Each structure stands twice: as C-alpha cells, then as structure tokens.
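Below is one structure, written out as structure tokens, with a few remarks after it.
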Amino acid sequence: MKEFKQFDSVTGASDHHYVTSNHKGKELRKDVTKRIQKEWKTLENNLPESIYVRIYEDRIDLLRAAIIGTPGTPYYNGLFFFDIFFPSDYPARPPTVYYHSFGMRLNPNMYANGYVCLSLLNTWSGKKEEKWSSDSTILQVLLSLQALVLNRKPYFLMNQVEEASQSIQHGKKLPWLTMKKFGRRTAKQ
C-alpha cells in the first residue's frame with residue numbers, strides 16, 4: 001500500500017480554483033520564487049499530522065491544503081480543502097485562500113462562496129500584530145485556519161453581534177452537517 005505523504009508535489013492544477021490567475025506562475029520575480037520555495041521546505045518539515053499540502057510542479061504560485069478537523073471540535077474528522085494562490089509580490093501581500101465549501105457554510109468565517117475571513121489574510125479587521133506582514137508564512141495561515149477558525153466554539157468568531165444567535169444554533173448542528181457533508185454516519189451526540 002502506498003503511503004499518503006503529508007507534503008508532496010503533483011502535476012496538473014486543472015481543478016485548482018486559481019488555475020486561471022493572470023500570471024500563471026511564470027512571471028514571478030526571483031525573490032518571490034525563492035521565498036515560496038523556502039516556505040515549501042518549512043511546510044515539508046513542520047506540518048502537524050492533521051494538515052496535508054500539495055504543491056504543483058508546473059505552478060509555483062498555487063498550493064492546496066487539506067485540514068482534518070481536530071478532536072473536541074464540531075469539525076472532528078471532517079476534511080476541509082483550501083486552494084491557495086501566491087500573488088506576484090508575495091510576501092508583501094498575503095496569499096489568497098479559497099475554501100471548497102461545496103455550497104455549505106459550516107463556519108462563520110468560511111463562506112459558502114469560498115471566501116475565508118481571517119485577520120492574517122487581511123480579509124478581516126484585527127490588531128496590527130494579527131495582520132499579514134512580510135514575515136508571515138503560509139504555515140501560520142494553515143495553523144490559523146485550523147486553530148482559530150476550525151475550533152471548538154466557532155460561534156465566537158462571528159463578525160457581527162446580531163448574527164450570534166443564528167451562529168449558536170448553527171454551531172449546535174455542525175457535527176451533523178460535517179458528517180453529512182462527507183457522507184459519514186455518526187452516533188447521536
């Protein structure tokens with residue numbers, strides 16, 4: 001049986017959300033390419049057991065991550081896929097992240113249209129130290145998605161107070177929705 005590697009390179013990015021991006025990974029400055037390759041090395045050696053990454057041999061500007069929901073959360077054992085695009089001026093600007101929602105909003109910060117709301121991505125307000133800087137890394141983004149977004153109490157992530165009651169109700173249904181989404185059955189909780 002072939003082992004499924006946590007970090008691996010693949011060919012063909014035809015199903016990646018950002019495959020039609022403007023520069024198609026060919027017009028990146030040398031310093032940007034070097035930085036992305038450095039990040040690959042960091043990911044290869046430092047990913048937690050619940051995060052899997054695929055890079056594309058023919059598209060250095062694209063990356064796909066799968067995050068497994070952690071125990072003690074409504075996302076436990078769910079698979080969450082994210083397509084990541086590195087802009088041509090990376091790391092001056094953060095990567096763009098698309099969440100494969102399959103039409104479902106399972107978290108207040110991950111929208112059904114694939115939009116991900118996270119301070120580190122500069123898609124949500126936050127303190128200066130929570131925002132993207134040129135010292136930030138893709139590993140920080142992945143760990144933030146896992147720890148800050150796919151957490152035990154997702155309804156505390158609401159960006160608007162008036163939506164809190166909906167989110168609390170939604171949060172109570174999350175384990176069922178997660179299992180339904182991935183075609184699994186689970187015992188009543």
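Residues are referred to by chain and number: the chain letter is A, B, ... according to the order shown in the structure tokens, the number counts from 1 in that chain, and ligands are numbered separately from 1 in the order shown.
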
Excluding stretch 26-30 of chain A and residues on its chain fewer than 4 positions from it, collect all residues at most 9 Å away from it, counting only C-alpha atoms, and give them as a CSV table (one decimal) with N, CA, C and O atoms, in the first residue's frame.
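selection-v2.csv was written with the following content:
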```csv
chain,number,residue,atom,x,y,z
A,34,LYS,N,12.0,32.3,-4.7
A,34,LYS,CA,12.9,31.8,-3.7
A,34,LYS,C,12.1,31.7,-2.3
A,34,LYS,O,12.3,30.8,-1.6
A,35,ARG,N,11.3,32.7,-2.0
A,35,ARG,CA,10.6,32.8,-0.8
A,35,ARG,C,9.5,31.6,-0.7
A,35,ARG,O,9.4,31.0,0.3
A,58,ASP,N,4.2,22.5,-11.9
A,58,ASP,CA,4.2,23.4,-13.0
A,58,ASP,C,3.6,24.8,-12.7
A,58,ASP,O,3.5,25.7,-13.5
A,59,ARG,N,3.2,24.9,-11.4
A,59,ARG,CA,2.6,26.2,-10.9
A,59,ARG,C,3.1,26.5,-9.5
A,59,ARG,O,2.5,26.2,-8.5
A,60,ILE,N,4.2,27.2,-9.4
A,60,ILE,CA,4.8,27.5,-8.1
A,60,ILE,C,3.9,28.5,-7.3
A,60,ILE,O,4.0,28.5,-6.1
A,61,ASP,N,3.0,29.2,-8.0
A,61,ASP,CA,2.1,30.1,-7.3
A,61,ASP,C,0.9,29.5,-6.7
A,61,ASP,O,0.1,30.2,-6.1
A,87,PRO,N,0.4,35.8,-4.6
A,87,PRO,CA,0.4,36.9,-5.5
A,87,PRO,C,1.8,37.2,-6.0
A,87,PRO,O,2.8,36.7,-5.5
A,88,SER,N,1.9,37.9,-7.1
A,88,SER,CA,3.2,38.2,-7.8
A,88,SER,C,4.2,39.0,-6.9
A,88,SER,O,5.4,39.0,-7.1
A,89,ASP,N,3.7,39.7,-5.9
A,89,ASP,CA,4.5,40.4,-5.0
A,89,ASP,C,4.6,39.8,-3.6
A,89,ASP,O,4.9,40.5,-2.6
```

Every residue of stretch 94-168 of chain A that DSSP places in helix (DSSP H, G or I), as a ChimeraX atom specification: /A:119-121,128-130,138-149,154-157,161-168

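Comparing the minimum interatomic distances between A:Gly78 and each of A:Ser50, A:Glu130, A:Tyr56, A:Leu63, counting only C-alpha atoms, we find that A:Ser50 sits nearest.
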